[in-house]
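Engineer: Sharing a structure below in structure tokens format, with a few things to ask.
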Amino acid sequence: MILKDKTFVITGILTDKSIAFATAKIAIDNGAKIIATGFGDGLRITQRAVKRLDDEIDVLEMDIENTVQVQEVVNQIKDKYASIDGALHSIAFSPTEAMGGNFLNTNVEDAIKSFEVSAFSLKTLTNEFLPILKEGASIVAVDFDNSQAWPGYDWQGVAKSSLQSIVRYLAYYVGKNKVRVNAVASGPLSTTAAKNIPGFSAMNEEWNERAPLGWDTKNAEPVAKVINFLLSDYSEAITGEIIHVDGGAHAIGGSMLPE
């Protein structure tokens, strides 16, 4: 069990179809303890989903935009667990006005909201959690390939590009603390978040055709397995990296852009 006796914070567990849920399940199967977070109306959804994993998992309320609340969560974890071995950042949001082909008409406030929640939040989580991260700890962010434009994805795509850059800068600045920061660029999955992406259903079929290994949009386990690898000591010398888990689609030429 590659995560035996380790403890991780997992954000973003909403349903049993999510990357975060699959990550938590595999981590538990590999000997880890899990602390889940949720907030607002989604907190109860997270609590229900987590019960499918283990009734004894702590679910803490944490709005990543509320620094005081994040600090309170850090204090709660410190009081009960002393320290943790890492965290999964599975947090993203864009206002509807910032997606769906509205790129040219998006106002700066909605673009900033996309950046703040989907990208800057990785810095918030890493920086606030730093005092309770053990030496050798690992932070992993969930990403989506943004090496090309995806019409409809719009400012969320810009935010994901920012997320990748933040991964690299964080890796530099927290390396002295022996903390690793990486991201996993997943292929499209039929998650709650994906339902809010315009044109997502059309993307699915073409992705499967293009990926050399094929791609199952209903199976988050391949992505979760790589996340668990990055959380484990087996990736002790990897940081600042973006690993694509997409059936190889990112490496194949040609356009998958909707017409």
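Just so we're on the same page: first chain in the structure tokens is A, next is B, and so on; residues restart at 1 for each chain, and ligands are numbered from 1 in the order they show up.
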Sort by chain and increasing residue number a table of all residues of range 11-42 of chain A within 12 Å of range 227-247 of chain A, each with its closest pair of atoms and their distance in Å to one decimal, counting only C-alpha atoms, and write it as JSON lines.
Structural biologist:
{"residue": "A:Ile19", "atom": "CA", "partner": "A:Ile227", "partner_atom": "CA", "distance": 9.3}
{"residue": "A:Ala20", "atom": "CA", "partner": "A:Ile227", "partner_atom": "CA", "distance": 9.5}
{"residue": "A:Phe21", "atom": "CA", "partner": "A:Ile227", "partner_atom": "CA", "distance": 11.7}
{"residue": "A:Ala22", "atom": "CA", "partner": "A:Ile227", "partner_atom": "CA", "distance": 9.8}
{"residue": "A:Thr23", "atom": "CA", "partner": "A:Asn228", "partner_atom": "CA", "distance": 6.6}
{"residue": "A:Ala24", "atom": "CA", "partner": "A:Asn228", "partner_atom": "CA", "distance": 8.7}
{"residue": "A:Lys25", "atom": "CA", "partner": "A:Asn228", "partner_atom": "CA", "distance": 10.1}
{"residue": "A:Ile26", "atom": "CA", "partner": "A:Asn228", "partner_atom": "CA", "distance": 7.3}
{"residue": "A:Ala27", "atom": "CA", "partner": "A:Asn228", "partner_atom": "CA", "distance": 6.4}
{"residue": "A:Ile28", "atom": "CA", "partner": "A:Asn228", "partner_atom": "CA", "distance": 10.2}
{"residue": "A:Asp29", "atom": "CA", "partner": "A:Asn228", "partner_atom": "CA", "distance": 10.7}
{"residue": "A:Asn30", "atom": "CA", "partner": "A:Asn228", "partner_atom": "CA", "distance": 8.9}
{"residue": "A:Gly31", "atom": "CA", "partner": "A:Ser232", "partner_atom": "CA", "distance": 11.1}
{"residue": "A:Ala32", "atom": "CA", "partner": "A:Ser232", "partner_atom": "CA", "distance": 10.1}
Engineer: With C-alpha atoms kept, could you save the residues just selected as a short mmCIF file (atom, residue, chain, number, x, y, z; two decimals), in the first residue's frame?
Structural biologist:
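The result, stored in part_14.cif:
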data_model
loop_
_atom_site.label_atom_id
_atom_site.label_comp_id
_atom_site.auth_asym_id
_atom_site.auth_seq_id
_atom_site.Cartn_x
_atom_site.Cartn_y
_atom_site.Cartn_z
CA ILE A 19 -12.03 12.61 -9.85
CA ALA A 20 -11.83 13.63 -6.19
CA PHE A 21 -14.06 10.72 -5.11
CA ALA A 22 -12.05 8.20 -7.15
CA THR A 23 -8.82 9.65 -5.73
CA ALA A 24 -10.09 9.34 -2.16
CA LYS A 25 -11.25 5.76 -2.72
CA ILE A 26 -7.92 4.62 -4.16
CA ALA A 27 -6.02 6.48 -1.43
CA ILE A 28 -8.05 4.73 1.27
CA ASP A 29 -7.49 1.38 -0.44
CA ASN A 30 -3.77 2.15 -0.28
CA GLY A 31 -3.76 2.82 3.45
CA ALA A 32 -4.34 6.58 3.64
#
Engineer: At a cut-off of 6 Å, using only C-alpha atoms, what residues contact Asp85 in chain A? Leave out same-chain residues fewer than 6 positions from it and give the result as a ChimeraX atom specification.
Structural biologist: /A:6-8,133-134,137
Engineer: Kindly save the residues from that selection, with N, CA and C atoms included, as a PDB file, in the first residue's frame.
Structural biologist:
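Saved file part34.pdb follows:
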ATOM      1  N   LYS A   6      -0.466   7.623   5.726  1.00  0.00           N
ATOM      2  CA  LYS A   6      -0.451   9.017   5.283  1.00  0.00           C
ATOM      3  C   LYS A   6      -1.850   9.623   5.410  1.00  0.00           C
ATOM      4  N   THR A   7      -1.897  10.946   5.514  1.00  0.00           N
ATOM      5  CA  THR A   7      -3.161  11.669   5.652  1.00  0.00           C
ATOM      6  C   THR A   7      -3.217  12.785   4.619  1.00  0.00           C
ATOM      7  N   PHE A   8      -4.346  12.858   3.905  1.00  0.00           N
ATOM      8  CA  PHE A   8      -4.490  13.845   2.843  1.00  0.00           C
ATOM      9  C   PHE A   8      -5.816  14.593   2.941  1.00  0.00           C
ATOM     10  N   LEU A 133       2.061  20.924   6.553  1.00  0.00           N
ATOM     11  CA  LEU A 133       2.531  19.944   5.570  1.00  0.00           C
ATOM     12  C   LEU A 133       3.845  19.324   6.042  1.00  0.00           C
ATOM     13  N   LYS A 134       3.886  18.017   6.067  1.00  0.00           N
ATOM     14  CA  LYS A 134       5.104  17.318   6.456  1.00  0.00           C
ATOM     15  C   LYS A 134       6.187  17.483   5.387  1.00  0.00           C
ATOM     16  N   ALA A 137       5.764  16.349   1.581  1.00  0.00           N
ATOM     17  CA  ALA A 137       4.338  16.430   1.242  1.00  0.00           C
ATOM     18  C   ALA A 137       4.139  16.749  -0.241  1.00  0.00           C
TER      19      ALA A 137
END
Engineer: Using only C-alpha atoms, determine which residues lie at most 7 Å from range 158-173 of chain A, disregarding the query and same-chain residues fewer than 3 positions distant; provide the list as a VMD selection string.
Structural biologist: chain A and resid 114 to 115 118 to 119 143 to 144 146 154 to 155 176 180 to 183 239 to 240
Engineer: If you count only C-alpha atoms, which residues fall within 12 Å of Ala98 in chain A, apart from same-chain ones fewer than 6 positions away, as a VMD selection string?
Structural biologist: chain A and resid 104 to 115 151 to 159 196 to 198
Engineer: Can you write out the residues you just picked, keeping N, CA and C atoms, as a tab-separated table (two decimals), in the first residue's frame?
Structural biologist:
chain	number	residue	atom	x	y	z
A	104	LEU	N	-15.43	37.21	-25.93
A	104	LEU	CA	-15.19	38.62	-26.25
A	104	LEU	C	-16.05	39.57	-25.43
A	105	ASN	N	-17.14	39.07	-24.90
A	105	ASN	CA	-18.06	39.92	-24.15
A	105	ASN	C	-17.93	39.77	-22.64
A	106	THR	N	-17.05	38.88	-22.18
A	106	THR	CA	-16.89	38.66	-20.74
A	106	THR	C	-16.29	39.90	-20.09
A	107	ASN	N	-16.88	40.33	-18.97
A	107	ASN	CA	-16.32	41.47	-18.27
A	107	ASN	C	-15.17	41.04	-17.36
A	108	VAL	N	-14.41	42.00	-16.91
A	108	VAL	CA	-13.21	41.69	-16.15
A	108	VAL	C	-13.54	41.02	-14.81
A	109	GLU	N	-14.68	41.39	-14.21
A	109	GLU	CA	-15.05	40.79	-12.93
A	109	GLU	C	-15.26	39.28	-13.06
A	110	ASP	N	-15.94	38.84	-14.14
A	110	ASP	CA	-16.19	37.42	-14.33
A	110	ASP	C	-14.90	36.67	-14.70
A	111	ALA	N	-14.03	37.35	-15.45
A	111	ALA	CA	-12.74	36.73	-15.79
A	111	ALA	C	-11.89	36.56	-14.53
A	112	ILE	N	-11.91	37.57	-13.66
A	112	ILE	CA	-11.15	37.50	-12.41
A	112	ILE	C	-11.70	36.40	-11.51
A	113	LYS	N	-13.04	36.27	-11.48
A	113	LYS	CA	-13.65	35.21	-10.67
A	113	LYS	C	-13.16	33.84	-11.13
A	114	SER	N	-13.09	33.62	-12.44
A	114	SER	CA	-12.59	32.36	-12.99
A	114	SER	C	-11.16	32.11	-12.53
A	115	PHE	N	-10.33	33.15	-12.61
A	115	PHE	CA	-8.92	33.03	-12.21
A	115	PHE	C	-8.78	32.78	-10.71
A	151	PRO	N	-13.30	26.49	-27.90
A	151	PRO	CA	-14.45	27.39	-27.94
A	151	PRO	C	-15.56	26.89	-27.02
A	152	GLY	N	-16.05	27.78	-26.20
A	152	GLY	CA	-17.05	27.41	-25.21
A	152	GLY	C	-16.43	27.31	-23.83
A	153	TYR	N	-15.18	26.84	-23.76
A	153	TYR	CA	-14.48	26.74	-22.47
A	153	TYR	C	-14.00	28.12	-22.02
A	154	ASP	N	-13.55	28.91	-22.99
A	154	ASP	CA	-13.30	30.33	-22.84
A	154	ASP	C	-12.44	30.69	-21.63
A	155	TRP	N	-12.96	31.50	-20.70
A	155	TRP	CA	-12.12	32.02	-19.61
A	155	TRP	C	-11.75	30.96	-18.59
A	156	GLN	N	-12.47	29.84	-18.56
A	156	GLN	CA	-12.03	28.73	-17.73
A	156	GLN	C	-10.75	28.14	-18.32
A	157	GLY	N	-10.66	28.13	-19.66
A	157	GLY	CA	-9.43	27.68	-20.31
A	157	GLY	C	-8.26	28.58	-19.97
A	158	VAL	N	-8.50	29.88	-19.94
A	158	VAL	CA	-7.45	30.83	-19.55
A	158	VAL	C	-7.04	30.58	-18.10
A	159	ALA	N	-8.03	30.32	-17.26
A	159	ALA	CA	-7.73	30.04	-15.85
A	159	ALA	C	-6.88	28.78	-15.70
A	196	ASN	N	-21.34	21.68	-16.98
A	196	ASN	CA	-21.45	23.13	-17.14
A	196	ASN	C	-20.57	23.66	-18.26
A	197	ILE	N	-19.86	22.75	-18.96
A	197	ILE	CA	-18.98	23.18	-20.04
A	197	ILE	C	-19.71	23.06	-21.37
A	198	PRO	N	-19.99	24.17	-22.05
A	198	PRO	CA	-20.68	24.12	-23.34
A	198	PRO	C	-19.89	23.29	-24.35
Engineer: I'd like to know which of A:Tyr81, A:Asn66, A:Trp150, A:Val9 is closest to Gly100 in chain A, using only C-alpha atoms.
Structural biologist: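 Of A:Tyr81, A:Asn66, A:Trp150, A:Val9, the one nearest Gly100 in chain A is A:Trp150, counting only C-alpha atoms.
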Engineer: Distance CA of Ile84 in chain A-CA of Phe129 in chain A, one decimal place?
Structural biologist: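 Answer for the CA of Ile84 in chain A to CA of Phe129 in chain A separation: 8.9 Å.
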Engineer: DSSP on the backbone: which residues in range 90-191 of chain A end up as helix (DSSP H, G or I)? Give the answer as a compact mmCIF listing (two decimals) with N, CA and C atoms, in the first residue's frame.
Structural biologist:
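Result went into result-v1.txt, see below:
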# COMPACT_ATOMS: atom_id res chain seq x y z
N THR A 96 -21.30 31.71 -15.71
CA THR A 96 -21.82 31.34 -17.03
C THR A 96 -21.49 32.39 -18.06
N GLU A 97 -21.36 33.65 -17.63
CA GLU A 97 -21.05 34.74 -18.56
C GLU A 97 -19.62 34.67 -19.09
N ALA A 98 -18.80 33.82 -18.47
CA ALA A 98 -17.39 33.72 -18.88
C ALA A 98 -17.13 32.50 -19.76
N PHE A 103 -16.58 34.74 -24.92
CA PHE A 103 -15.23 35.19 -24.59
C PHE A 103 -15.04 36.69 -24.79
N LEU A 104 -15.43 37.21 -25.93
CA LEU A 104 -15.19 38.62 -26.25
C LEU A 104 -16.05 39.57 -25.43
N ASN A 105 -17.14 39.07 -24.90
CA ASN A 105 -18.06 39.92 -24.15
C ASN A 105 -17.93 39.77 -22.64
N VAL A 108 -14.41 42.00 -16.91
CA VAL A 108 -13.21 41.69 -16.15
C VAL A 108 -13.54 41.02 -14.81
N GLU A 109 -14.68 41.39 -14.21
CA GLU A 109 -15.05 40.79 -12.93
C GLU A 109 -15.26 39.28 -13.06
N ASP A 110 -15.94 38.84 -14.14
CA ASP A 110 -16.19 37.42 -14.33
C ASP A 110 -14.90 36.67 -14.70
N ALA A 111 -14.03 37.35 -15.45
CA ALA A 111 -12.74 36.73 -15.79
C ALA A 111 -11.89 36.56 -14.53
N ILE A 112 -11.91 37.57 -13.66
CA ILE A 112 -11.15 37.50 -12.41
C ILE A 112 -11.70 36.40 -11.51
N LYS A 113 -13.04 36.27 -11.48
CA LYS A 113 -13.65 35.21 -10.67
C LYS A 113 -13.16 33.84 -11.13
N SER A 114 -13.09 33.62 -12.44
CA SER A 114 -12.59 32.36 -12.99
C SER A 114 -11.16 32.11 -12.53
N PHE A 115 -10.33 33.15 -12.61
CA PHE A 115 -8.92 33.03 -12.21
C PHE A 115 -8.78 32.78 -10.71
N GLU A 116 -9.54 33.55 -9.92
CA GLU A 116 -9.40 33.46 -8.47
C GLU A 116 -9.77 32.08 -7.94
N VAL A 117 -10.92 31.54 -8.42
CA VAL A 117 -11.38 30.26 -7.89
C VAL A 117 -10.62 29.09 -8.49
N SER A 118 -10.35 29.14 -9.79
CA SER A 118 -9.81 27.98 -10.49
C SER A 118 -8.29 27.91 -10.49
N ALA A 119 -7.62 29.04 -10.27
CA ALA A 119 -6.16 29.06 -10.36
C ALA A 119 -5.49 29.61 -9.10
N PHE A 120 -5.81 30.85 -8.75
CA PHE A 120 -5.17 31.46 -7.58
C PHE A 120 -5.44 30.66 -6.31
N SER A 121 -6.56 29.95 -6.28
CA SER A 121 -6.91 29.15 -5.11
C SER A 121 -5.86 28.08 -4.80
N LEU A 122 -5.11 27.64 -5.82
CA LEU A 122 -4.05 26.66 -5.57
C LEU A 122 -2.96 27.28 -4.71
N LYS A 123 -2.66 28.54 -4.99
CA LYS A 123 -1.68 29.26 -4.16
C LYS A 123 -2.23 29.43 -2.75
N THR A 124 -3.52 29.79 -2.63
CA THR A 124 -4.13 29.96 -1.31
C THR A 124 -4.04 28.67 -0.51
N LEU A 125 -4.46 27.57 -1.12
CA LEU A 125 -4.45 26.29 -0.42
C LEU A 125 -3.03 25.90 0.00
N THR A 126 -2.09 25.99 -0.92
CA THR A 126 -0.71 25.58 -0.63
C THR A 126 -0.09 26.45 0.45
N ASN A 127 -0.26 27.75 0.33
CA ASN A 127 0.36 28.68 1.27
C ASN A 127 -0.23 28.55 2.67
N GLU A 128 -1.55 28.44 2.77
CA GLU A 128 -2.19 28.35 4.09
C GLU A 128 -1.94 27.00 4.75
N PHE A 129 -1.82 25.95 3.94
CA PHE A 129 -1.58 24.62 4.48
C PHE A 129 -0.11 24.35 4.79
N LEU A 130 0.77 25.21 4.31
CA LEU A 130 2.20 24.97 4.43
C LEU A 130 2.65 24.65 5.87
N PRO A 131 2.13 25.34 6.89
CA PRO A 131 2.58 25.05 8.27
C PRO A 131 2.26 23.63 8.75
N ILE A 132 1.26 22.97 8.12
CA ILE A 132 0.91 21.63 8.58
C ILE A 132 1.33 20.54 7.59
N ASP A 154 -13.55 28.91 -22.99
CA ASP A 154 -13.30 30.33 -22.84
C ASP A 154 -12.44 30.69 -21.63
N TRP A 155 -12.96 31.50 -20.70
CA TRP A 155 -12.12 32.02 -19.61
C TRP A 155 -11.75 30.96 -18.59
N GLN A 156 -12.47 29.84 -18.56
CA GLN A 156 -12.03 28.73 -17.73
C GLN A 156 -10.75 28.14 -18.32
N GLY A 157 -10.66 28.13 -19.66
CA GLY A 157 -9.43 27.68 -20.31
C GLY A 157 -8.26 28.58 -19.97
N VAL A 158 -8.50 29.88 -19.94
CA VAL A 158 -7.45 30.83 -19.55
C VAL A 158 -7.04 30.58 -18.10
N ALA A 159 -8.03 30.32 -17.26
CA ALA A 159 -7.73 30.04 -15.85
C ALA A 159 -6.88 28.78 -15.70
N LYS A 160 -7.17 27.76 -16.52
CA LYS A 160 -6.38 26.53 -16.45
C LYS A 160 -4.94 26.76 -16.91
N SER A 161 -4.75 27.64 -17.88
CA SER A 161 -3.39 27.99 -18.28
C SER A 161 -2.66 28.67 -17.13
N SER A 162 -3.39 29.52 -16.42
CA SER A 162 -2.81 30.18 -15.24
C SER A 162 -2.48 29.16 -14.16
N LEU A 163 -3.36 28.18 -13.99
CA LEU A 163 -3.14 27.14 -13.00
C LEU A 163 -1.82 26.42 -13.25
N GLN A 164 -1.54 26.09 -14.50
CA GLN A 164 -0.30 25.40 -14.82
C GLN A 164 0.92 26.25 -14.47
N SER A 165 0.83 27.54 -14.75
CA SER A 165 1.94 28.43 -14.41
C SER A 165 2.12 28.53 -12.91
N ILE A 166 1.01 28.59 -12.18
CA ILE A 166 1.07 28.66 -10.72
C ILE A 166 1.70 27.40 -10.15
N VAL A 167 1.41 26.24 -10.75
CA VAL A 167 2.04 24.99 -10.33
C VAL A 167 3.56 25.12 -10.37
N ARG A 168 4.05 25.67 -11.46
CA ARG A 168 5.52 25.79 -11.62
C ARG A 168 6.12 26.77 -10.62
N TYR A 169 5.46 27.92 -10.42
CA TYR A 169 5.98 28.89 -9.47
C TYR A 169 5.91 28.38 -8.03
N LEU A 170 4.82 27.72 -7.69
CA LEU A 170 4.71 27.15 -6.35
C LEU A 170 5.79 26.09 -6.12
N ALA A 171 6.01 25.27 -7.15
CA ALA A 171 7.04 24.23 -7.02
C ALA A 171 8.39 24.86 -6.67
N TYR A 172 8.67 26.01 -7.26
CA TYR A 172 9.92 26.71 -6.97
C TYR A 172 9.94 27.25 -5.54
N TYR A 173 8.86 27.92 -5.16
CA TYR A 173 8.87 28.63 -3.88
C TYR A 173 8.71 27.72 -2.67
N VAL A 174 8.06 26.59 -2.81
CA VAL A 174 7.89 25.71 -1.64
C VAL A 174 8.83 24.51 -1.68
N GLY A 175 9.65 24.44 -2.70
CA GLY A 175 10.63 23.36 -2.77
C GLY A 175 11.57 23.35 -1.58
N LYS A 176 11.88 24.54 -1.09
CA LYS A 176 12.77 24.64 0.08
C LYS A 176 12.14 24.01 1.32
N ASN A 177 10.82 23.88 1.31
CA ASN A 177 10.10 23.23 2.41
C ASN A 177 9.94 21.73 2.17
Engineer: Ranking A:Leu14, A:Leu189, A:Ala141, A:Val73 by minimum distance to Arg44 in chain A and counting only C-alpha atoms, which one comes first?
Structural biologist: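 Comparing A:Leu14, A:Leu189, A:Ala141, A:Val73 against Arg44 in chain A, the winner is A:Leu14.
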